[in-house]
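Enquirer: What follows is my_file_24.txt; its format and atoms are compact mmCIF, C-alpha atoms.
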# COMPACT_ATOMS: atom_id res chain seq x y z
CA MET A 1 54.68 -82.28 39.71
CA PHE A 2 57.92 -83.61 41.08
CA SER A 3 59.58 -80.20 40.59
CA THR A 4 56.73 -78.41 42.39
CA LEU A 5 56.91 -80.77 45.36
CA ARG A 6 60.68 -80.29 45.66
CA HIS A 7 60.14 -76.49 45.60
CA ALA A 8 57.63 -76.77 48.45
CA MET A 9 60.03 -78.85 50.56
CA PHE A 10 62.76 -76.25 50.05
CA LEU A 11 60.46 -73.46 51.24
CA ARG A 12 59.44 -75.43 54.32
CA ARG A 13 63.15 -75.68 55.35
CA PHE A 14 64.08 -72.01 54.67
CA PRO A 15 61.04 -69.85 55.31
CA THR A 16 62.88 -66.75 56.60
CA VAL A 17 65.23 -65.90 53.73
CA PHE A 18 62.61 -64.13 51.66
CA SER A 19 61.99 -60.38 51.87
CA PRO A 20 59.09 -59.43 54.16
CA THR A 21 58.10 -56.44 52.05
CA LYS A 22 55.92 -58.55 49.75
CA ARG A 23 54.06 -61.73 50.26
CA ALA A 24 55.89 -64.11 47.99
CA PHE A 25 53.12 -66.64 47.94
CA GLY A 26 49.53 -66.05 47.02
CA SER A 27 46.75 -67.85 45.29
CA LYS A 28 47.81 -66.54 41.86
CA ILE A 29 51.40 -67.86 41.88
CA SER A 30 51.25 -70.83 44.20
CA ASP A 31 49.13 -73.29 42.21
CA GLY A 32 50.03 -76.75 43.36
CA ILE A 33 51.77 -75.57 46.58
CA ASP A 34 50.29 -76.56 49.85
CA ALA A 35 48.21 -73.63 51.26
CA GLN A 36 49.43 -74.50 54.74
CA ILE A 37 53.02 -73.61 53.72
CA VAL A 38 51.86 -70.19 52.54
CA ASN A 39 49.97 -69.56 55.78
CA GLU A 40 52.97 -70.59 57.86
CA LEU A 41 55.24 -68.24 55.92
CA ASN A 42 52.84 -65.32 56.31
CA GLN A 43 52.40 -65.98 60.02
CA GLU A 44 56.20 -66.14 60.44
CA MET A 45 56.66 -62.76 58.70
CA GLN A 46 53.86 -61.27 60.76
CA SER A 47 55.47 -62.42 64.05
CA ILE A 48 58.83 -60.93 63.02
CA PHE A 49 57.76 -57.60 61.48
CA GLY A 50 54.50 -57.00 63.32
CA ALA A 51 52.49 -55.91 60.27
CA GLN A 52 49.22 -57.28 58.96
CA PRO A 53 49.23 -58.33 55.30
CA SER A 54 47.32 -56.03 53.01
CA PRO A 55 44.58 -57.28 50.69
CA ASP A 56 46.81 -56.90 47.60
CA GLY A 57 49.44 -59.25 49.00
CA PHE A 58 51.83 -56.70 50.55
CA SER A 59 52.85 -56.50 54.18
CA GLY A 60 55.48 -54.82 56.38
CA PRO A 61 56.42 -51.18 56.47
CA GLY A 62 54.27 -50.29 53.47
CA THR A 63 51.15 -50.58 55.64
CA MET A 64 52.39 -48.68 58.72
CA ASP A 65 50.21 -45.97 60.24
CA PHE A 66 51.99 -42.57 60.12
CA SER A 67 49.20 -40.55 61.76
CA GLU A 68 50.97 -40.37 65.13
CA LEU A 69 54.24 -39.26 63.53
CA LYS A 70 52.40 -36.65 61.47
CA SER A 71 50.75 -35.19 64.58
CA LYS A 72 54.16 -34.89 66.28
CA VAL A 73 55.61 -33.07 63.28
CA GLU A 74 52.65 -30.69 63.23
CA SER A 75 53.21 -29.88 66.91
CA LEU A 76 56.75 -28.70 66.13
CA LYS A 77 55.61 -26.00 63.69
CA PRO A 78 56.04 -22.42 65.04
CA THR A 79 52.78 -20.88 66.06
CA VAL A 80 51.78 -17.24 65.78
CA PRO A 81 49.70 -15.94 68.68
CA GLU A 82 46.14 -15.13 67.65
CA ASN A 83 45.88 -12.56 70.42
CA SER A 84 46.93 -9.20 68.98
CA ASP A 85 48.09 -7.89 72.37
CA LEU A 86 50.34 -10.91 72.89
CA ARG A 87 51.67 -10.60 69.34
CA SER A 88 52.44 -6.92 69.95
CA HIS A 89 54.22 -7.80 73.20
CA ILE A 90 56.45 -10.33 71.40
CA GLU A 91 57.28 -7.80 68.69
CA TYR A 92 58.07 -5.18 71.34
CA GLN A 93 60.34 -7.61 73.19
CA LYS A 94 62.24 -8.43 70.00
CA SER A 95 62.59 -4.72 69.24
CA THR A 96 63.91 -4.07 72.75
CA GLU A 97 66.45 -6.88 72.47
CA TYR A 98 67.63 -5.49 69.14
CA LYS A 99 67.96 -2.00 70.60
CA GLN A 100 69.93 -3.30 73.59
CA GLY A 101 72.27 -5.17 71.25
CA ALA A 102 72.80 -2.02 69.19
CA GLU A 103 73.52 0.02 72.32
CA MET A 104 76.02 -2.58 73.51
CA ALA A 105 77.78 -2.47 70.15
CA SER A 106 77.86 1.33 70.37
CA ASP A 107 79.35 1.17 73.87
CA MET A 108 82.01 -1.24 72.65
CA SER A 109 82.93 1.20 69.89
CA ARG A 110 83.59 3.87 72.54
CA LEU A 111 86.12 1.72 74.42
CA THR A 112 89.22 3.54 73.23
CA HIS A 113 91.63 0.84 74.47
CA VAL A 114 89.95 -1.83 72.32
CA GLY A 115 90.75 -2.16 68.61
CA VAL A 116 88.40 -2.98 65.75
CA SER A 117 89.00 -6.70 66.18
CA GLY A 118 88.76 -6.55 69.98
CA GLU A 119 92.51 -6.52 70.63
CA ALA A 120 94.09 -4.22 73.24
CA GLN A 121 95.70 -1.08 71.89
CA MET A 122 97.29 2.15 73.08
CA VAL A 123 95.17 5.24 72.39
CA ASP A 124 96.49 7.73 69.86
CA VAL A 125 96.32 11.14 71.60
CA SER A 126 98.33 13.07 69.04
CA SER A 127 95.28 15.02 67.86
CA LYS A 128 94.34 16.21 71.38
CA ASP A 129 95.22 19.61 72.78
CA ASN A 130 97.62 20.10 75.67
CA THR A 131 95.67 21.10 78.77
CA LYS A 132 96.40 21.25 82.45
CA ARG A 133 95.27 18.05 84.11
CA THR A 134 95.09 17.00 87.75
CA ALA A 135 93.83 13.95 89.62
CA LEU A 136 93.40 13.13 93.32
CA ALA A 137 93.15 9.56 94.65
CA CYS A 138 93.16 7.97 98.10
CA CYS A 139 93.28 4.65 99.92
CA LYS A 140 93.37 3.28 103.46
CA VAL A 141 95.60 0.74 105.20
CA ILE A 142 94.00 -0.82 108.30
CA LEU A 143 96.77 -1.84 110.70
CA GLY A 144 95.13 -3.02 113.90
CA GLN A 145 95.79 -1.58 117.35
CA ARG A 146 99.16 -3.20 118.08
CA VAL A 147 100.76 -2.34 114.72
CA PHE A 148 99.23 1.13 114.80
CA ASP A 149 100.91 1.82 118.14
CA LEU A 150 104.26 0.63 116.78
CA VAL A 151 104.00 2.88 113.71
CA LEU A 152 102.91 5.83 115.83
CA ALA A 153 105.93 5.36 118.10
CA ASN A 154 108.19 4.77 115.07
CA GLN A 155 109.31 1.45 116.53
CA MET A 156 108.91 -0.79 113.46
CA GLY A 157 111.99 -2.88 112.71
CA LYS A 158 112.35 -1.50 109.15
CA GLY A 159 112.29 2.13 110.26
CA ASP A 160 110.08 5.11 109.37
CA VAL A 161 106.99 3.57 107.83
CA LEU A 162 105.27 6.77 106.72
CA GLY A 163 108.43 8.40 105.35
CA VAL A 164 109.41 5.39 103.22
CA ALA A 165 105.84 4.91 101.96
CA LYS A 166 105.67 8.57 100.89
CA ILE A 167 108.78 8.28 98.72
CA ALA A 168 107.55 4.96 97.32
CA GLY A 169 104.23 6.54 96.32
CA ILE A 170 105.91 9.40 94.48
CA ASN A 171 108.22 7.00 92.67
CA GLY A 172 105.25 4.76 91.81
CA ALA A 173 103.43 7.66 90.12
CA LYS A 174 106.46 8.28 87.91
CA GLN A 175 106.65 4.58 86.96
CA THR A 176 102.96 4.19 86.06
CA SER A 177 103.51 3.72 82.32
CA SER A 178 105.97 0.90 83.10
CA LEU A 179 103.47 -0.86 85.39
CA ILE A 180 100.24 -0.35 83.42
CA PRO A 181 100.80 -1.56 79.82
CA LEU A 182 98.53 0.86 77.92
CA CYS A 183 99.28 4.02 79.92
CA HIS A 184 101.15 6.84 78.19
CA ASN A 185 104.51 8.01 79.47
CA ILE A 186 103.50 11.39 80.93
CA ALA A 187 105.83 14.19 81.91
CA LEU A 188 104.47 14.88 85.39
CA THR A 189 104.78 18.43 86.69
CA HIS A 190 103.82 17.59 90.28
CA VAL A 191 103.22 14.58 92.53
CA ARG A 192 102.09 14.78 96.14
CA VAL A 193 101.63 11.85 98.54
CA ASP A 194 100.43 12.40 102.12
CA LEU A 195 99.97 9.78 104.84
CA ARG A 196 98.01 10.34 108.05
CA LEU A 197 97.46 8.06 111.05
CA ASN A 198 93.81 7.71 112.04
CA PRO A 199 93.39 6.44 115.65
CA GLU A 200 89.63 5.92 115.24
CA ASP A 201 90.06 2.77 113.13
CA CYS A 202 93.81 2.23 113.61
CA SER A 203 94.56 2.95 109.96
CA VAL A 204 96.85 4.93 107.69
CA GLU A 205 94.94 7.21 105.32
CA ILE A 206 96.84 7.92 102.11
CA GLU A 207 96.13 10.71 99.63
CA GLY A 208 97.92 11.14 96.31
CA GLU A 209 97.73 13.92 93.73
CA ALA A 210 99.33 14.12 90.28
CA SER A 211 99.45 16.98 87.77
CA CYS A 212 100.69 17.56 84.24
CA THR A 213 100.15 19.68 81.15
CA GLY A 214 99.53 17.22 78.36
CA LYS A 215 97.20 15.34 76.04
CA THR A 216 95.92 12.69 78.45
CA GLY A 217 94.85 12.52 82.08
CA VAL A 218 96.79 11.58 85.21
CA GLU A 219 94.17 9.51 87.02
CA MET A 220 96.25 6.36 86.78
CA GLU A 221 99.31 8.16 88.14
CA ALA A 222 97.39 9.31 91.24
CA LEU A 223 95.89 5.85 91.76
CA THR A 224 99.27 4.17 91.33
CA ALA A 225 100.83 6.57 93.84
CA VAL A 226 98.42 5.67 96.65
CA SER A 227 98.47 1.96 95.77
CA VAL A 228 102.28 1.73 95.91
CA ALA A 229 102.33 3.76 99.11
CA GLY A 230 99.79 1.38 100.68
CA LEU A 231 101.78 -1.66 99.59
CA THR A 232 104.90 -0.12 101.11
CA VAL A 233 103.12 0.36 104.43
CA TYR A 234 102.18 -3.31 104.32
CA ASP A 235 105.75 -4.32 103.54
CA MET A 236 107.13 -2.21 106.37
CA CYS A 237 104.67 -3.70 108.88
CA LYS A 238 104.09 -7.30 107.73
CA ALA A 239 106.63 -8.68 110.24
CA ALA A 240 104.39 -7.48 113.06
CA SER A 241 101.10 -8.64 111.55
CA LYS A 242 99.79 -10.48 108.49
CA ASP A 243 96.28 -9.19 109.12
CA ILE A 244 96.86 -5.74 107.56
CA CYS A 245 94.28 -4.76 104.96
CA ILE A 246 94.62 -2.28 102.07
CA THR A 247 91.20 -0.96 101.11
CA ASP A 248 89.16 1.83 99.49
CA VAL A 249 91.53 2.59 96.61
CA ARG A 250 89.55 5.14 94.56
CA LEU A 251 89.68 8.29 92.47
CA GLU A 252 88.28 11.31 94.32
CA ARG A 253 88.38 13.97 91.63
CA LYS A 254 89.98 14.96 88.33
CA SER A 255 90.09 18.00 86.08
CA GLY A 256 91.14 18.88 82.54
CA GLY A 257 90.65 17.22 79.19
CA ASN A 258 87.47 16.81 77.16
CA SER A 259 85.50 15.45 80.12
CA GLY A 260 86.42 18.45 82.29
CA TYR A 261 85.96 18.41 86.05
CA TRP A 262 84.67 15.36 87.94
CA SER A 263 84.34 14.76 91.68
CA ARG A 264 83.06 11.78 93.62
CA GLY A 265 79.71 12.49 95.22
CA GLU A 266 78.85 15.46 93.00
Is it possible to express this structure as structure tokens?
Expert:
Amino acid sequence: MFSTLRHAMFLRRFPTVFSPTKRAFGSKISDGIDAQIVNELNQEMQSIFGAQPSPDGFSGPGTMDFSELKSKVESLKPTVPENSDLRSHIEYQKSTEYKQGAEMASDMSRLTHVGVSGEAQMVDVSSKDNTKRTALACCKVILGQRVFDLVLANQMGKGDVLGVAKIAGINGAKQTSSLIPLCHNIALTHVRVDLRLNPEDCSVEIEGEASCTGKTGVEMEALTAVSVAGLTVYDMCKAASKDICITDVRLERKSGGNSGYWSRGE
């Protein structure tokens, strides 16, 4: 009796050190212990863990209601449309996306300057036949009225703008492979660069043509010729104006090679 009373006093001092997962005190194992102590312990565990004791003496997480959690999990499951038309539309969309991906991969495989791993590379043209190839490119340099009048009168401080730009364009065509990393070093048979003043918009119109007999085209040589010529015009005139604009650099036509003849606008 004395031992049981001492046990009850110990529990009254330290009611919170016992696990809440099971009611430690019930009618079967608490003979001789004050029922009020048991009630206080159960009420304390209920206030802390928020669970009602079960009839078999257990309380806490073992009696939680998982119905709400189960409904949330069910809502995350993928659903298949019951409507056959909608299901067909989804299948068609997936098929289209797959086809577009395949076409993109095919286009990538035709990029001759891109290697298998995506790295830049120089194209091997050794298997191609030597054919006559030509390319014509052009660009425009808009000067403004005051600079245009100075160029027309050949009164720019650096000298003959059009004459220097012409030589620069020809030299630029010959240096294309040094400027553009993946271009082949082509033995050009002809380079022509012409510059013409256009009073309607106060501009210099530049036309460049390159030719060769070889295994690859000369489009880049023609484009480089007009670009360098346009930059030279800017350099010759920049002391008079910083508002000069180089524009409309483009390929006009080309011939030769596997792709044959091509012209802008045709």
Enquirer: So, counting all atoms listed in the file, which residue among A:Ala187, A:Leu251, A:Val233, A:Val218 is closest to Ala168 of chain A?
Expert: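 Ranking A:Ala187, A:Leu251, A:Val233, A:Val218 by distance to Ala168 of chain A, first place goes to A:Val233.
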Enquirer: With all atoms listed in the file as the counted atoms, please give the residues lying no more than 6 Å from Ile142 of chain A, apart from itself and same-chain residues fewer than 3 positions off, as a list in words.
Expert: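 With the cut-off at 6 Å, the set is Ser203, Ile244 and Cys245 of chain A.
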Enquirer: State, in Å with one decimal place, the distance from atom CA of Ile206 of chain A to atom CA of Cys183 of chain A.
Expert: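 Separating atom CA of Ile206 of chain A from atom CA of Cys183 of chain A is a distance of 22.7 Å.
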Enquirer: In Å, how far is it from atom CA of Leu188 of chain A to atom CA of Gly214 of chain A?
Expert: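 Result for atom CA of Leu188 of chain A versus atom CA of Gly214 of chain A: 8.9 Å, one decimal.
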Enquirer: Find the residues with any atom within 10 Å of (97.2, -3.5, 114.6); use all atoms listed in the file and the coordinates as given in the file, and write the answer as number ranges by chain.
Expert: A: 142-151, 201-203, 237, 240-244
Enquirer: Have a look at atom CA of Lys132 of chain A and atom CA of Glu219 of chain A and let me know their distance in Å, one decimal.
Expert: 12.8 Å
Enquirer: Which one is closest to Leu136 of chain A: A:Glu40, A:Glu221, A:Glu200, A:Glu252? Count only C-alpha atoms.
Expert: A:Glu252
Enquirer: Output, as lines of an AutoDock Vina configuration file, the centre and edge lengths in Å (one decimal) of the axis-aligned box that contains all listed atoms of segment 245-250 of chain A with 4 Å of margin on each side.
Expert:
center_x = 91.9
center_y = 0.2
center_z = 99.8
size_x = 13.5
size_y = 17.9
size_z = 18.4
Enquirer: Go through A:Asn39, A:Ala135, A:Gln121, A:Gln175 one by one, measure the shortest atom-to-atom distance of each to Arg264 of chain A using all atoms listed in the file, and give the residue with the smallest value.
Expert: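 Between A:Asn39, A:Ala135, A:Gln121, A:Gln175, the residue approaching Arg264 of chain A most closely is A:Ala135.
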Enquirer: Do you know which residues are at most 10 Å from Ser177 of chain A counting only C-alpha atoms, after dropping those on the same chain fewer than 6 positions away, and could you put them as an mmCIF file with C-alpha atoms, keeping the file's coordinate frame?
Expert:
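Saved to out33.cif:
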data_model
loop_
_atom_site.group_PDB
_atom_site.id
_atom_site.type_symbol
_atom_site.label_atom_id
_atom_site.label_comp_id
_atom_site.auth_asym_id
_atom_site.auth_seq_id
_atom_site.Cartn_x
_atom_site.Cartn_y
_atom_site.Cartn_z
ATOM 1 C CA CYS A 183 99.280 4.020 79.920
ATOM 2 C CA HIS A 184 101.150 6.840 78.190
ATOM 3 C CA ASN A 185 104.510 8.010 79.470
ATOM 4 C CA ILE A 186 103.500 11.390 80.930
ATOM 5 C CA MET A 220 96.250 6.360 86.780
ATOM 6 C CA GLU A 221 99.310 8.160 88.140
ATOM 7 C CA THR A 224 99.270 4.170 91.330
#
Enquirer: Taking all atoms listed in the file into account, which of A:Ser211, A:Ala229, A:Ala239, A:Leu152 comes nearest Pro199 of chain A?
Expert: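 Ranking A:Ser211, A:Ala229, A:Ala239, A:Leu152 by distance to Pro199 of chain A, first place goes to A:Leu152.
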Enquirer: Pick out the closest residue to Thr213 of chain A from this set: A:Gln155, A:Thr134, A:Ser127, A:Ser227. Count all atoms listed in the file.
Expert: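 Nearest candidate to Thr213 of chain A out of A:Gln155, A:Thr134, A:Ser127, A:Ser227: A:Thr134.
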Enquirer: Near Gly163 of chain A, counting all atoms listed in the file, which residues have an atom at most 12 Å away, once you skip same-chain residues fewer than 6 positions from it, shown as a VMD selection string?
Expert: chain A and resid 151 154 169 to 170 193 to 196 229 232 to 233 236
